[in-house]
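S.K.: As input, take data_23.txt (compact mmCIF, C-alpha atoms):
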```
# COMPACT_ATOMS: atom_id res chain seq x y z
CA MET A 1 120.83 -73.01 108.27
CA THR A 2 117.46 -74.61 109.03
CA LEU A 3 115.91 -73.17 105.89
CA PHE A 4 118.86 -74.45 103.85
CA PHE A 5 118.16 -77.98 105.05
CA ALA A 6 114.46 -77.45 104.37
CA LEU A 7 115.38 -76.51 100.80
CA CYS A 8 117.53 -79.64 100.55
CA PHE A 9 114.50 -81.71 101.55
CA VAL A 10 112.48 -79.97 98.85
CA GLY A 11 115.14 -81.19 96.43
CA VAL A 12 114.71 -84.72 97.77
CA ALA A 13 110.96 -84.37 97.25
CA VAL A 14 111.54 -83.24 93.65
CA ALA A 15 113.72 -86.29 93.04
CA GLY A 16 110.97 -88.50 94.49
CA PHE A 17 108.40 -86.79 92.30
CA SER A 18 110.53 -87.34 89.20
CA ALA A 19 110.85 -91.05 89.90
CA PHE A 20 107.16 -91.30 90.75
CA VAL A 21 106.18 -89.70 87.44
CA ILE A 22 108.27 -92.34 85.66
CA PHE A 23 107.32 -95.53 87.51
CA TRP A 24 103.69 -94.98 88.50
CA PRO A 25 102.36 -94.59 84.93
CA LEU A 26 104.37 -97.65 83.89
CA THR A 27 102.77 -99.57 86.75
CA LEU A 28 99.29 -98.40 85.76
CA VAL A 29 99.84 -99.40 82.13
CA HIS A 30 101.00 -102.82 83.28
CA VAL A 31 97.90 -103.14 85.47
CA ARG A 32 95.69 -102.08 82.56
CA ASP A 33 97.26 -104.61 80.20
CA ARG A 34 97.63 -107.63 82.49
CA HIS A 35 95.21 -107.23 85.40
CA PRO A 36 91.81 -106.14 84.04
CA ALA A 37 89.92 -106.66 87.32
CA LEU A 38 92.31 -104.38 89.16
CA ALA A 39 92.22 -101.85 86.32
CA ALA A 40 88.42 -101.83 86.47
CA ARG A 41 88.62 -101.18 90.22
CA PHE A 42 90.86 -98.15 89.64
CA GLY A 43 88.89 -96.87 86.65
CA ASN A 44 90.12 -94.41 84.05
CA GLY A 45 92.65 -91.76 84.99
CA ALA A 46 93.91 -93.57 88.09
CA PHE A 47 97.14 -91.55 88.32
CA LEU A 48 96.02 -89.42 91.28
CA LYS A 49 92.95 -91.34 92.44
CA PRO A 50 93.03 -91.92 96.20
CA ASP A 51 92.08 -95.59 95.83
CA ALA A 52 94.98 -96.30 93.50
CA LEU A 53 97.46 -94.34 95.61
CA ALA A 54 96.26 -96.11 98.77
CA TRP A 55 96.74 -99.43 96.96
CA LEU A 56 100.31 -98.41 96.21
CA LEU A 57 101.04 -97.12 99.73
CA ARG A 58 99.63 -100.28 101.33
CA ARG A 59 101.81 -102.33 98.96
CA ASP A 60 98.83 -104.39 97.88
CA TYR A 61 100.58 -105.10 94.60
CA ARG A 62 102.50 -107.84 96.43
CA GLN A 63 99.28 -109.87 96.62
CA GLN A 64 99.36 -110.32 92.84
CA PRO A 65 101.53 -113.25 91.65
CA ASP A 66 103.20 -111.05 89.03
CA ARG A 67 106.89 -110.29 89.49
CA SER A 68 106.81 -107.69 86.75
CA LEU A 69 104.13 -105.77 88.63
CA SER A 70 106.25 -105.82 91.77
CA GLY A 71 109.26 -104.73 89.74
CA LEU A 72 107.38 -101.64 88.55
CA ALA A 73 105.32 -100.86 91.64
CA THR A 74 108.14 -101.10 94.20
CA PRO A 75 110.13 -98.17 92.73
CA ALA A 76 106.86 -96.21 92.47
CA TRP A 77 106.21 -96.94 96.17
CA VAL A 78 109.73 -95.91 97.19
CA SER A 79 109.53 -92.73 95.15
CA LEU A 80 106.13 -91.83 96.61
CA LEU A 81 107.52 -92.34 100.12
CA THR A 82 110.54 -90.20 99.21
CA LEU A 83 108.26 -87.47 97.90
CA LEU A 84 106.08 -87.49 101.01
CA ALA A 85 109.01 -87.71 103.43
CA GLY A 86 110.88 -84.89 101.68
CA LEU A 87 107.88 -82.60 101.77
CA GLY A 88 107.12 -83.56 105.35
CA MET A 89 110.64 -82.85 106.55
CA ALA A 90 110.80 -79.58 104.60
CA THR A 91 107.53 -78.48 106.18
CA LEU A 92 108.73 -79.49 109.63
CA LEU A 93 111.98 -77.58 109.26
CA TRP A 94 110.14 -74.55 107.91
CA LEU A 95 107.88 -74.60 110.94
CA VAL A 96 110.91 -74.92 113.23
CA SER A 97 112.47 -71.90 111.55
CA LEU A 98 109.37 -69.83 112.35
CA TRP A 99 109.64 -70.69 116.02
```
As structure tokens, how would this structure be written, given the file I've shared?
M.R.:
Amino acid sequence: MTLFFALCFVGVAVAGFSAFVIFWPLTLVHVRDRHPALAARFGNGAFLKPDALAWLLRRDYRQQPDRSLSGLATPAWVSLLTLLAGLGMATLLWLVSLW
């Protein structure tokens, strides 16, 4: 039963990944088009750069006075948290099943 719930959390992580793959590139395109200083800080290919992901996880996008940026970055933040939480819980339950 524990491994079944671990597999369910993997499904949650996949759902989070799917949403992240949709909203994060949209956020990065918005940053590239409307916030050139921030885009220069991230550089090219910021999709998996630690600096850009840390910016998203810290919710630093709220410091920008752009409601459209918040509207795109908030779902990306929620989906990244869902992805990480799902994988974390699946790993934890897998480890419990080994015990």
S.K.: Please determine, counting only C-alpha atoms, which residue among A:Ala13, A:Met1, A:Leu95, A:Val31 has the shortest atom-to-atom distance to Leu81 in chain A.
M.R.: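 Counting only C-alpha atoms, the residue closest to Leu81 in chain A is A:Ala13.
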S.K.: Measuring between only C-alpha atoms, which one of A:Leu26, A:Leu38, A:Val10, A:Leu3 shows the shortest distance to Gly71 in chain A?
M.R.: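 Of all the options, A:Leu26 lies closest to Gly71 in chain A.
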S.K.: Under the rule that all atoms listed in the file are counted, which of A:Gly86, A:Trp94, A:Val29, A:Leu53 is the nearest residue to Cys8 in chain A?
M.R.: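 With all atoms listed in the file as the atom set, the closest residue is A:Gly86.
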S.K.: Skip Arg32 in chain A itself and residues of its chain fewer than 2 positions away, then list as a VMD selection string all residues within 12 Å of it, counting only C-alpha atoms.
M.R.: chain A and resid 25 to 30 34 to 46 69
S.K.: Could you please determine the separation between CA of Met89 in chain A and CA of Ala73 in chain A in Å, to one decimal place?
M.R.: 24.0 Å
S.K.: If we count all atoms listed in the file and set the cut-off at 10 Å, which residues sit around Leu57 in chain A, ignoring sequence neighbours fewer than 4 positions away in its own chain? Please answer as number ranges by chain.
M.R.: A: 51-53, 61, 73-74, 76-78, 80-81
S.K.: Could you check the closest approach to Thr82 in chain A for each of A:Ala15, A:Val21, A:Leu98, A:Leu48 and tell me which residue wins, using all atoms listed in the file?
M.R.: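 Checking each of A:Ala15, A:Val21, A:Leu98, A:Leu48 against Thr82 in chain A, counting all atoms listed in the file, the winner is A:Ala15.
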S.K.: Rounded to one decimal, what separation in Å do you get between CA of Arg59 in chain A and CA of Ile22 in chain A?
M.R.: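 About the pair CA of Arg59 in chain A and CA of Ile22 in chain A: they are 17.8 Å apart.
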S.K.: I'd like the box whose edges run along x, y and z of the file and which contains every listed atom of range 32-46 of chain A, padded by 5 Å per side; could you state its centre and edge lengths in Å, one decimal, as lines of an AutoDock Vina configuration file?
M.R.:
```
center_x = 93.0
center_y = -99.7
center_z = 85.2
size_x = 19.2
size_y = 25.9
size_z = 20.0
```
S.K.: Find the distance between CA of Phe9 in chain A and CA of Leu87 in chain A and write it in Å to one decimal.
M.R.: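 That distance, rounded to one decimal, is 6.7 Å.
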S.K.: Starting from the sparse input, extend range 5-28 of chain A to N, CA, C and O atoms and give the output as a CSV table (one decimal), in the frame of the given file.
M.R.:
```
chain,number,residue,atom,x,y,z
A,5,PHE,N,118.5,-76.6,105.0
A,5,PHE,CA,118.2,-78.0,105.0
A,5,PHE,C,116.7,-78.2,104.6
A,5,PHE,O,116.4,-79.3,104.0
A,6,ALA,N,115.8,-77.3,104.9
A,6,ALA,CA,114.5,-77.4,104.4
A,6,ALA,C,114.5,-77.4,102.8
A,6,ALA,O,113.8,-78.2,102.2
A,7,LEU,N,115.3,-76.6,102.3
A,7,LEU,CA,115.4,-76.5,100.8
A,7,LEU,C,116.0,-77.8,100.3
A,7,LEU,O,115.6,-78.3,99.2
A,8,CYS,N,117.0,-78.4,101.0
A,8,CYS,CA,117.5,-79.6,100.6
A,8,CYS,C,116.5,-80.7,100.5
A,8,CYS,O,116.4,-81.6,99.6
A,9,PHE,N,115.6,-80.7,101.5
A,9,PHE,CA,114.5,-81.7,101.6
A,9,PHE,C,113.5,-81.5,100.4
A,9,PHE,O,112.9,-82.4,99.9
A,10,VAL,N,113.3,-80.2,100.0
A,10,VAL,CA,112.5,-80.0,98.8
A,10,VAL,C,113.1,-80.6,97.6
A,10,VAL,O,112.4,-81.2,96.8
A,11,GLY,N,114.4,-80.5,97.5
A,11,GLY,CA,115.1,-81.2,96.4
A,11,GLY,C,115.0,-82.7,96.5
A,11,GLY,O,114.8,-83.3,95.4
A,12,VAL,N,115.0,-83.3,97.6
A,12,VAL,CA,114.7,-84.7,97.8
A,12,VAL,C,113.3,-85.0,97.3
A,12,VAL,O,113.1,-86.0,96.6
A,13,ALA,N,112.3,-84.2,97.7
A,13,ALA,CA,111.0,-84.4,97.2
A,13,ALA,C,110.8,-84.3,95.7
A,13,ALA,O,110.1,-85.0,95.1
A,14,VAL,N,111.6,-83.4,95.1
A,14,VAL,CA,111.5,-83.2,93.6
A,14,VAL,C,112.1,-84.5,93.0
A,14,VAL,O,111.6,-85.0,92.0
A,15,ALA,N,113.2,-85.0,93.6
A,15,ALA,CA,113.7,-86.3,93.0
A,15,ALA,C,112.7,-87.4,93.2
A,15,ALA,O,112.5,-88.2,92.2
A,16,GLY,N,112.0,-87.5,94.3
A,16,GLY,CA,111.0,-88.5,94.5
A,16,GLY,C,109.8,-88.3,93.5
A,16,GLY,O,109.3,-89.3,93.0
A,17,PHE,N,109.5,-87.1,93.3
A,17,PHE,CA,108.4,-86.8,92.3
A,17,PHE,C,108.8,-87.2,90.9
A,17,PHE,O,108.0,-87.8,90.2
A,18,SER,N,110.1,-87.0,90.5
A,18,SER,CA,110.5,-87.3,89.2
A,18,SER,C,110.5,-88.8,89.0
A,18,SER,O,110.0,-89.3,88.0
A,19,ALA,N,110.9,-89.6,90.0
A,19,ALA,CA,110.8,-91.0,89.9
A,19,ALA,C,109.4,-91.5,89.9
A,19,ALA,O,109.1,-92.5,89.2
A,20,PHE,N,108.6,-90.9,90.7
A,20,PHE,CA,107.2,-91.3,90.8
A,20,PHE,C,106.5,-91.1,89.4
A,20,PHE,O,105.7,-91.9,89.0
A,21,VAL,N,106.8,-90.0,88.7
A,21,VAL,CA,106.2,-89.7,87.4
A,21,VAL,C,106.7,-90.7,86.4
A,21,VAL,O,106.0,-90.9,85.4
A,22,ILE,N,107.8,-91.3,86.6
A,22,ILE,CA,108.3,-92.3,85.7
A,22,ILE,C,107.6,-93.7,86.0
A,22,ILE,O,107.1,-94.4,85.1
A,23,PHE,N,107.7,-94.2,87.2
A,23,PHE,CA,107.3,-95.5,87.5
A,23,PHE,C,105.8,-95.8,87.7
A,23,PHE,O,105.3,-96.8,87.4
A,24,TRP,N,105.1,-94.8,88.2
A,24,TRP,CA,103.7,-95.0,88.5
A,24,TRP,C,102.9,-95.2,87.2
A,24,TRP,O,102.1,-96.1,87.1
A,25,PRO,N,103.1,-94.3,86.2
A,25,PRO,CA,102.4,-94.6,84.9
A,25,PRO,C,102.7,-95.9,84.3
A,25,PRO,O,101.9,-96.6,83.7
A,26,LEU,N,104.0,-96.3,84.4
A,26,LEU,CA,104.4,-97.6,83.9
A,26,LEU,C,103.6,-98.8,84.6
A,26,LEU,O,103.2,-99.7,84.0
A,27,THR,N,103.5,-98.6,85.9
A,27,THR,CA,102.8,-99.6,86.8
A,27,THR,C,101.3,-99.6,86.3
A,27,THR,O,100.7,-100.7,86.2
A,28,LEU,N,100.7,-98.4,86.1
A,28,LEU,CA,99.3,-98.4,85.8
A,28,LEU,C,99.1,-99.0,84.4
A,28,LEU,O,98.0,-99.6,84.2
```
